[in-house]
Every structure is written in C-alpha cells, then in structure tokens.
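Pasted below: coords02.txt, compact mmCIF, C-alpha atoms and all ligand atoms.
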# COMPACT_ATOMS: atom_id res chain seq x y z
CA MET A 1 4.58 -14.76 11.03
CA THR A 2 2.01 -13.02 8.94
CA SER A 3 -1.25 -14.89 8.46
CA PHE A 4 -2.04 -15.44 4.82
CA ALA A 5 -5.29 -15.83 2.91
CA LEU A 6 -6.41 -15.99 -0.67
CA LEU A 7 -9.99 -14.89 -1.31
CA LEU A 8 -11.77 -15.08 -4.63
CA ASN A 9 -14.67 -13.31 -6.23
CA ARG A 10 -16.40 -14.03 -9.51
CA ASP A 11 -15.77 -10.74 -11.32
CA PRO A 12 -14.11 -7.34 -10.87
CA ASP A 13 -17.32 -5.68 -9.72
CA GLY A 14 -17.96 -8.31 -7.05
CA LEU A 15 -14.32 -8.07 -6.01
CA ALA A 16 -14.50 -4.28 -5.70
CA HIS A 17 -17.58 -4.47 -3.49
CA ALA A 18 -16.11 -7.24 -1.34
CA VAL A 19 -12.89 -5.27 -0.83
CA ALA A 20 -14.86 -2.10 -0.10
CA ALA A 21 -16.76 -3.91 2.65
CA ARG A 22 -13.51 -5.20 4.11
CA LEU A 23 -11.94 -1.76 3.93
CA ILE A 24 -14.80 -0.18 5.85
CA THR A 25 -14.62 -2.94 8.48
CA ARG A 26 -10.85 -2.58 8.80
CA LEU A 27 -11.07 1.18 9.33
CA VAL A 28 -13.87 0.81 11.87
CA ASP A 29 -11.87 -1.84 13.74
CA VAL A 30 -8.73 0.32 13.86
CA GLN A 31 -10.68 3.38 14.96
CA SER A 32 -12.47 1.40 17.65
CA THR A 33 -9.12 1.07 19.41
CA GLY A 34 -8.82 4.87 19.55
CA LYS A 35 -6.18 5.16 16.83
CA VAL A 36 -6.10 7.35 13.77
CA ALA A 37 -6.10 4.80 10.94
CA GLN A 38 -3.09 4.90 8.60
CA VAL A 39 -4.00 3.71 5.12
CA VAL A 40 -1.86 3.41 2.00
CA LEU A 41 -3.83 3.68 -1.22
CA THR A 42 -2.95 2.14 -4.53
CA GLY A 43 -3.85 3.20 -8.05
CA GLY A 44 -5.31 1.48 -11.08
CA ARG A 45 -8.68 0.26 -12.29
CA VAL A 46 -9.72 -2.11 -9.51
CA ALA A 47 -8.58 0.33 -6.85
CA SER A 48 -10.77 3.06 -8.31
CA ALA A 49 -13.71 0.64 -8.37
CA VAL A 50 -13.07 -0.18 -4.70
CA TYR A 51 -12.99 3.52 -3.78
CA ARG A 52 -16.25 4.15 -5.67
CA ALA A 53 -17.86 1.20 -3.89
CA VAL A 54 -16.76 2.57 -0.50
CA ALA A 55 -18.16 6.01 -1.37
CA GLU A 56 -21.47 4.46 -2.42
CA SER A 57 -21.79 2.14 0.58
CA PRO A 58 -24.24 3.22 3.29
CA ALA A 59 -21.75 1.67 5.76
CA ARG A 60 -19.22 4.43 4.97
CA THR A 61 -20.89 6.51 7.71
CA ALA A 62 -19.52 4.07 10.31
CA ILE A 63 -16.08 5.58 9.69
CA ASP A 64 -14.87 8.83 11.20
CA TRP A 65 -13.16 10.03 8.01
CA GLN A 66 -11.51 12.89 9.89
CA ARG A 67 -9.48 10.24 11.72
CA VAL A 68 -8.02 8.50 8.70
CA GLU A 69 -4.55 9.35 7.43
CA PHE A 70 -4.16 8.63 3.68
CA TRP A 71 -0.84 7.81 2.00
CA TRP A 72 0.00 6.45 -1.46
CA GLY A 73 2.16 3.48 -2.37
CA ASP A 74 3.12 5.01 -5.69
CA GLU A 75 2.31 7.83 -8.02
CA ARG A 76 2.52 8.65 -11.69
CA PHE A 77 4.69 11.78 -11.83
CA LEU A 78 2.38 14.09 -13.75
CA PRO A 79 1.01 17.61 -13.29
CA ASP A 80 -1.45 18.27 -10.51
CA GLY A 81 -4.98 17.16 -11.40
CA ASP A 82 -3.91 14.95 -14.29
CA PRO A 83 -6.59 12.25 -14.59
CA GLU A 84 -3.87 9.57 -14.75
CA ARG A 85 -2.52 10.47 -11.32
CA ASN A 86 -3.38 7.94 -8.63
CA GLU A 87 -4.19 10.87 -6.36
CA THR A 88 -6.69 12.36 -8.82
CA GLN A 89 -8.42 9.01 -9.21
CA ALA A 90 -8.69 8.44 -5.46
CA ARG A 91 -9.95 11.97 -4.87
CA ASP A 92 -12.56 11.68 -7.62
CA ALA A 93 -13.77 8.25 -6.51
CA LEU A 94 -13.66 8.60 -2.73
CA LEU A 95 -11.80 11.42 -1.00
CA SER A 96 -14.02 14.14 -2.46
CA LYS A 97 -17.12 12.23 -1.37
CA VAL A 98 -16.39 11.80 2.33
CA ASP A 99 -15.44 14.24 5.05
CA VAL A 100 -11.67 13.76 5.18
CA ASP A 101 -9.29 16.04 7.05
CA PRO A 102 -7.24 17.66 4.25
CA ALA A 103 -4.22 17.74 6.56
CA LYS A 104 -4.37 13.96 6.79
CA VAL A 105 -4.29 13.39 3.02
CA HIS A 106 -0.70 12.87 1.87
CA PRO A 107 -0.41 12.65 -1.92
CA MET A 108 2.98 12.26 -3.50
CA ALA A 109 3.96 15.53 -5.17
CA ALA A 110 2.82 16.38 -8.66
CA ASP A 111 5.28 17.34 -11.38
CA THR A 112 5.88 21.05 -10.91
CA GLY A 113 9.35 21.07 -12.42
CA GLN A 114 11.17 20.08 -9.21
CA GLY A 115 12.05 16.60 -10.52
CA PRO A 116 11.00 13.18 -9.20
CA GLU A 117 14.07 12.74 -6.96
CA ALA A 118 13.17 15.88 -4.99
CA ALA A 119 9.53 14.81 -4.87
CA ALA A 120 10.46 11.35 -3.56
CA ALA A 121 12.79 12.86 -0.95
CA ALA A 122 10.02 15.20 0.19
CA TYR A 123 7.66 12.25 0.59
CA ALA A 124 10.23 10.36 2.64
CA GLU A 125 10.53 13.44 4.88
CA GLU A 126 6.76 13.60 5.28
CA LEU A 127 6.60 9.94 6.25
CA SER A 128 9.44 10.37 8.70
CA ALA A 129 7.76 13.39 10.29
CA ALA A 130 4.53 11.43 10.64
CA ALA A 131 6.40 8.56 12.27
CA GLY A 132 7.94 11.04 14.71
CA ALA A 133 4.57 12.62 15.44
CA ALA A 134 3.05 9.24 16.21
CA ARG A 135 5.80 8.69 18.77
CA THR A 136 5.54 12.05 20.50
CA GLU A 137 1.75 11.81 20.78
CA GLY A 138 2.22 8.83 23.05
CA ALA A 139 0.85 6.37 20.53
CA PRO A 140 3.99 4.63 19.42
CA ARG A 141 2.71 3.76 15.98
CA ALA A 142 5.95 4.26 14.16
CA ALA A 143 8.19 1.77 12.48
CA SER A 144 11.86 2.36 12.17
CA VAL A 145 14.94 0.27 11.94
CA SER A 146 17.08 3.06 13.25
CA GLY A 147 18.05 1.45 16.53
CA ALA A 148 17.08 -0.78 19.41
CA GLY A 149 14.75 1.81 20.88
CA SER A 150 12.51 2.05 17.85
CA ALA A 151 8.85 2.46 18.65
CA GLU A 152 7.03 -0.73 17.98
CA GLY A 153 5.09 -0.65 21.25
CA GLU A 154 1.73 -1.24 19.66
CA LEU A 155 2.81 -3.69 17.06
CA SER A 156 1.54 -7.22 17.17
CA ALA A 157 3.83 -9.89 18.54
CA ALA A 158 4.62 -10.96 15.00
CA ALA A 159 5.34 -7.41 13.98
CA THR A 160 7.51 -6.84 17.01
CA SER A 161 9.54 -9.89 16.27
CA ARG A 162 10.05 -8.75 12.69
CA ALA A 163 10.93 -5.23 13.80
CA GLU A 164 13.44 -6.65 16.27
CA GLY A 165 14.87 -8.79 13.53
CA ALA A 166 15.35 -5.69 11.45
CA ASP A 167 16.85 -3.78 14.37
CA SER A 168 19.41 -6.45 14.93
CA GLY A 169 21.14 -5.53 11.69
CA ALA A 170 23.22 -2.67 13.06
CA GLY A 171 24.69 -0.59 10.28
CA ARG A 172 22.39 -1.97 7.60
CA ALA A 173 21.51 0.32 4.72
CA ASP A 174 17.83 0.76 5.62
CA ALA A 175 18.73 2.46 8.91
CA GLU A 176 17.00 5.67 7.82
CA VAL A 177 13.73 4.22 6.64
CA ARG A 178 11.20 5.72 9.03
CA VAL A 179 7.49 5.56 8.33
CA PRO A 180 4.35 5.27 10.45
CA VAL A 181 3.11 1.73 10.97
CA PHE A 182 0.41 1.49 8.34
CA ASP A 183 -2.78 -0.24 9.40
CA LEU A 184 -3.57 -1.16 5.83
CA LEU A 185 -1.50 -1.16 2.65
CA MET A 186 -3.39 -1.88 -0.57
CA LEU A 187 -1.43 -2.95 -3.62
CA GLY A 188 -2.31 -3.68 -7.22
CA VAL A 189 -0.22 -6.01 -9.37
CA GLY A 190 0.75 -5.40 -12.99
CA PRO A 191 0.81 -8.10 -15.69
CA ASP A 192 4.61 -8.04 -15.35
CA GLY A 193 4.36 -8.61 -11.59
CA HIS A 194 5.14 -5.02 -10.61
CA VAL A 195 3.85 -3.74 -7.34
CA ALA A 196 3.51 -0.05 -6.41
CA SER A 197 5.91 1.32 -9.09
CA LEU A 198 8.60 -1.30 -8.44
CA PHE A 199 9.11 -2.95 -11.82
CA PRO A 200 10.99 -6.18 -12.63
CA ASP A 201 14.71 -5.71 -13.21
CA HIS A 202 14.64 -2.04 -12.23
CA PRO A 203 17.25 -0.60 -9.85
CA GLU A 204 14.59 0.65 -7.41
CA LEU A 205 14.00 -2.97 -6.33
CA ALA A 206 17.30 -2.85 -4.45
CA VAL A 207 16.83 0.52 -2.74
CA ASP A 208 16.84 0.01 1.02
CA ASP A 209 18.08 3.31 2.41
CA ARG A 210 14.96 5.43 1.77
CA SER A 211 11.22 5.05 2.08
CA ALA A 212 10.42 6.65 -1.30
CA VAL A 213 12.26 6.65 -4.59
CA ALA A 214 12.04 8.19 -8.06
CA VAL A 215 11.35 5.71 -10.84
CA HIS A 216 12.51 6.28 -14.41
CA ASP A 217 11.77 4.38 -17.62
CA SER A 218 8.68 2.67 -16.29
CA PRO A 219 7.53 0.13 -18.87
CA LYS A 220 3.98 1.21 -18.10
CA PRO A 221 3.15 4.85 -18.90
CA PRO A 222 3.92 7.36 -17.69
CA PRO A 223 7.66 6.63 -17.65
CA THR A 224 8.40 8.72 -14.56
CA ARG A 225 6.95 7.77 -11.22
CA ILE A 226 7.50 7.83 -7.47
CA SER A 227 7.22 4.69 -5.38
CA LEU A 228 7.54 3.53 -1.82
CA THR A 229 10.46 1.13 -1.51
CA PHE A 230 10.31 -2.44 -0.20
CA PRO A 231 11.49 -1.44 3.31
CA ALA A 232 8.58 1.03 3.52
CA LEU A 233 6.10 -1.49 2.11
CA ALA A 234 7.22 -3.85 4.87
CA ARG A 235 5.81 -1.58 7.59
CA ALA A 236 2.12 -2.42 7.26
CA GLU A 237 0.10 -4.49 9.69
CA GLU A 238 -2.10 -5.70 6.83
CA VAL A 239 -1.16 -5.94 3.16
CA TRP A 240 -3.98 -6.52 0.69
CA PHE A 241 -3.21 -7.33 -2.93
CA VAL A 242 -6.28 -6.48 -4.99
CA VAL A 243 -6.07 -7.92 -8.48
CA ALA A 244 -8.54 -8.49 -11.31
CA GLY A 245 -8.24 -9.67 -14.89
CA GLU A 246 -6.87 -12.49 -16.96
CA ASP A 247 -3.82 -10.43 -17.95
CA LYS A 248 -2.68 -10.61 -14.31
CA ALA A 249 -3.09 -14.39 -13.93
CA ASP A 250 0.51 -15.28 -14.74
CA ALA A 251 1.90 -12.57 -12.44
CA VAL A 252 -0.38 -13.67 -9.58
CA ASN A 253 0.68 -17.27 -10.01
CA GLN A 254 4.36 -16.30 -10.06
CA ALA A 255 3.97 -14.08 -6.99
CA LEU A 256 2.24 -16.81 -5.02
CA THR A 257 4.46 -19.69 -6.03
CA GLY A 258 7.94 -18.21 -6.08
CA ASP A 259 9.97 -15.07 -5.75
CA THR A 260 10.39 -14.23 -9.41
CA VAL A 261 8.34 -11.01 -9.51
CA PRO A 262 8.30 -7.89 -7.29
CA ALA A 263 4.76 -8.73 -6.09
CA SER A 264 6.09 -11.78 -4.27
CA ARG A 265 7.90 -9.63 -1.71
CA PRO A 266 5.52 -7.44 0.33
CA GLU A 267 4.02 -9.08 3.38
CA GLY A 268 1.87 -7.72 6.17
CA LEU A 269 3.33 -7.64 9.66
CA SER A 270 0.25 -9.48 10.86
CA ARG A 271 -1.79 -10.36 7.81
CA THR A 272 -1.45 -10.71 4.04
CA LEU A 273 -4.53 -11.04 1.85
CA TRP A 274 -4.70 -11.78 -1.83
CA LEU A 275 -8.11 -10.61 -3.05
CA LEU A 276 -8.66 -11.78 -6.61
CA ASP A 277 -11.33 -12.21 -9.21
CA ASP A 278 -11.61 -15.60 -10.87
CA ALA A 279 -9.75 -14.43 -14.00
CA ALA A 280 -6.73 -13.27 -12.00
CA ALA A 281 -6.73 -16.60 -10.13
CA ALA A 282 -7.03 -18.66 -13.32
CA GLN A 283 -3.48 -20.05 -13.29
CA LEU A 284 -3.37 -20.99 -9.62
CA ALA A 285 -3.30 -24.69 -8.83
CA ASP A 286 -6.47 -25.97 -7.18
CA ASP A 287 -4.75 -26.54 -3.85
CA THR A 288 -3.72 -22.86 -3.73
CA ARG A 289 -7.33 -21.71 -3.94
CA SER A 290 -9.44 -21.07 -0.86
CA PRO A 291 -12.88 -19.73 0.13
CA ARG A 292 -14.63 -16.96 -1.68
CA ALA A 293 -14.41 -13.38 -0.36
O1 LIG A 301 0.24 2.13 -12.79
C1 LIG A 301 -0.22 1.50 -11.86
O2 LIG A 301 -0.75 0.27 -12.07
C2 LIG A 301 -0.93 -0.67 -11.05
C3 LIG A 301 -2.04 -1.65 -11.49
O3 LIG A 301 -3.11 -0.96 -12.12
P1 LIG A 301 -4.29 -1.71 -12.86
O4 LIG A 301 -5.08 -0.67 -13.58
O5 LIG A 301 -3.69 -2.68 -13.82
O6 LIG A 301 -5.10 -2.41 -11.79
C4 LIG A 301 -1.23 -0.02 -9.72
O7 LIG A 301 -1.13 -0.95 -8.71
C5 LIG A 301 -0.25 1.14 -9.46
O8 LIG A 301 -0.55 1.76 -8.22
C6 LIG A 301 -0.37 2.13 -10.53
O9 LIG A 301 0.50 3.24 -10.39
Represent the structure contained in this file as structure tokens.
Ligand SMILES: O=C1O[C@H](COP(=O)(O)O)[C@@H](O)[C@H](O)[C@H]1O
Amino acid sequence: MTSFALLLNRDPDGLAHAVAARLITRLVDVQSTGKVAQVVLTGGRVASAVYRAVAESPARTAIDWQRVEFWWGDERFLPDGDPERNETQARDALLSKVDVDPAKVHPMAADTGQGPEAAAAAYAEELSAAAGAARTEGAPRAASVSGAGSAEGELSAAATSRAEGADSGAGRADAEVRVPVFDLLMLGVGPDGHVASLFPDHPELAVDDRSAVAVHDSPKPPPTRISLTFPALARAEEVWFVVAGEDKADAVNQALTGDTVPASRPEGLSRTLWLLDDAAAAQLADDTRSPRA
C-alpha cells in the first residue's frame, strides 16, 4: 500500500517553496543510495514556480544535477522553444540554471511535422530503452509488466507486491508498457480534474498498451498534446500532486473523495502526496485536512 498524505500551505508562493525544499531533499535522498534519480516533471503555473524556487535555493548545490534523469508527464505539442511548451518552461525556470547532463534530459518531441502519434511512439521507445539500460547496468530500476521476470529488484515491498499483481495478469493489454521506475512523479491537476494530459471522458484514459499517447481535442489549449498513460504513471515510487488555486478546489475534492476525475487514479508505489495551497483545499471536509507542509 502506498502511504498517503495531504499537506497544506497558505498560498501558491509558500507552496512552491515548500515543494522545492521537498524536491531537493528527495533528490538528495535518492542520490545518497548511489542511484541516478529519475524524475518526471509536470507543467503549469505552480510547477514553474517550484522549479524557480529550486533554482534559487542555496540547497540546490546539495544535488549532483549530472545524476538526475528528467522526463515529462505530458507536453503541449507545439514547435520547439514555444513558451507554452512544458519543456521550455522547465528549461527556463530550472534546467538552464543548474548543471544537468543534456543526455539525461528527455523532453517529449516538439511539433516538427511528424505528428503527435509518431512523437508519442518515439517517447515510449525512449522510456523502454531507459528501462532496459537500467536493467543491464545492474541496477534493476525498471518497471515492466511484460512477464514474471520483470526487474523490480529495488522496488519497495509495496511496489513489488503491486508489480507482482500486475505481472499476474498474463496476456493483459499493458504487457508492453516498459518504463524506468521513477523516483518522483510530479503532477498538476486541472479545474476539470485532468492530470498530465489525460482529460475527463477522453479515449486516452483507457489506453493501457503504451506508455505514451497522442492527445487530440484537448479542452485546454493547445488542442494537441502528448501524455504518459495511466500504466506509465503507475510506475513511480512517489507521486506528488502539486495544486494551487480556488479554481482547482472542486477537482481536488472530487479526486480525494471518489473516482470521478482522472486525478483520482495515479498513486505512488510507496508514497502519494497531495501538496495544496489553502484555496485548492477549500472544499475538503475538515477531517480530510492534515498538517501544514
Ligand atoms: O496544461 C497543463 O496544465 C496542467 C495544470 O497547469 P496549471 O497552470 O493549471 O497549474 C499541468 O499539470 C499539465 O502538465 C499541463 O500540460
């Protein structure tokens, strides 16, 4: 079972700084075990504020940025360098400010005329290759449901039990979903309860045979996107939802009290955190609330 916590902060700025401090600590903790940290970034306003806060924190020097692998949970399918791309925002706010290894930064492809389906397939290939590399380097940090021998050697007991549960479904459709085990997956939530670029009532919610998918007709601009699928989002040790603003309060309440919105589905293999500002938590019942971040 994943452990679960809800942590509040007064305003978006306080939230961003609190999440930045946690992010630095998480990366330091993962690296202290000798691993290259695998992080999945999200997009949006709070995420950018978190990245800026990390870049501005003196504690950022505790991280060996060359030993962090960066992935994205979703992307707005736009030309390279477009300011609306999640990649552009993360590069501007953080990745250009610290000494990352360019080979370890894995943006989803920009729109170069190849089409979002090809771009999503290429991302799935890249994830699969990274999962394979993790296995051959002797650090079995790969998650796969492709058979009983899948490499969950370093997963927590909870993660192992979930991975075994998944493995037991011989012949299931998600047999080809192969991604590294992410140490941290950050997710925003839209006012409609979308997570990554998985929108309510869209067909991508049901995709379970790939790790990345093209998204069309997104209700939030731009209409064309790429997103990790739910099976891929399920391969993270820690999932952090980072949400600010009154317009998200209904979606947060729905996600935490039922299974009516996409954001209710992702869960960390070992830990799930909901990191909210007071406005985003406004509709939660008092007994759902817990200590401040
Ligand atoms: O379009 C997107 O929006 C959501 C939330 O963004 P926010 O600005 O409302 O915080 C984000 O999680 C997602 O990655 C992004 O593509």
Handout entry: Close residues to ligand LIG 301 (chain A) using all atoms listed in the file, limit 6 Å, as a ChimeraX atom specification
Key = /A:42-46,74-76,187-190,195-197
Store the residues picked out above in a file with C-alpha atoms, as a tab-separated table (two decimals), keeping the file's coordinate frame.
chain	number	residue	atom	x	y	z
A	42	THR	CA	-2.95	2.14	-4.53
A	43	GLY	CA	-3.85	3.20	-8.05
A	44	GLY	CA	-5.31	1.48	-11.08
A	45	ARG	CA	-8.68	0.26	-12.29
A	46	VAL	CA	-9.72	-2.11	-9.51
A	74	ASP	CA	3.12	5.01	-5.69
A	75	GLU	CA	2.31	7.83	-8.02
A	76	ARG	CA	2.52	8.65	-11.69
A	187	LEU	CA	-1.43	-2.95	-3.62
A	188	GLY	CA	-2.31	-3.68	-7.22
A	189	VAL	CA	-0.22	-6.01	-9.37
A	190	GLY	CA	0.75	-5.40	-12.99
A	195	VAL	CA	3.85	-3.74	-7.34
A	196	ALA	CA	3.51	-0.05	-6.41
A	197	SER	CA	5.91	1.32	-9.09
Exercise for the section: Rank A:Pro107, A:Gly113, A:Pro79, A:Pro180 by their smallest atom-to-atom distance to A:Ala133, using all atoms listed in the file, and report the top residue only. Expected result: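 Once distances to A:Ala133 are computed over all atoms listed in the file, the minimum belongs to A:Pro180.
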Problem - From A:Ala120, A:Ala110, A:Ile24, A:Ala130, residue lying nearest A:Thr88 [only C-alpha atoms] - result: A:Ala110
Practice task
Measure the distance from atom CA of A:Phe241 to atom CA of A:Trp274 in Å and round it to one decimal.
Solution key: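 Computing it gives 4.8 Å between the two atoms.
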Practice task
Kindly provide, as a list in words, the polymer residues lying within 7 Å of (9.1, 0.7, -13.2), counting all atoms listed in the file and using the coordinates exactly as they appear in the file.
Solution key: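 It turns out the residues near that spot are Ser197, Leu198, Phe199, His202, Val215, His216, Asp217, Ser218 and Pro219 of chain A.
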Practice task
Between atom CA of A:Val54 and atom CA of A:Gln38, measure the distance and give it in Å to one decimal.
Solution key: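 Interatomic distance here is 16.6 Å.
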Handout entry: Pairwise distance for atom CA of A:Val19 and atom CA of A:Leu275, rounded to one decimal in Å
Key = 7.5 Å
Problem - Nearest to A:Asp92 by atom-to-atom distance, counting all atoms listed in the file, from A:Arg235, A:Arg52, A:Arg60, A:His17 - result: A:Arg52
Problem - All residues 10 Å or closer to A:Lys35, only C-alpha atoms, same chain fewer than 3 positions away omitted, as a list in words - result: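 So the residues in contact are Leu27, Asp29, Val30, Gln31, Ser32, Gln38, Arg67, Val68, Ala139, Arg141 and Asp183 of chain A.
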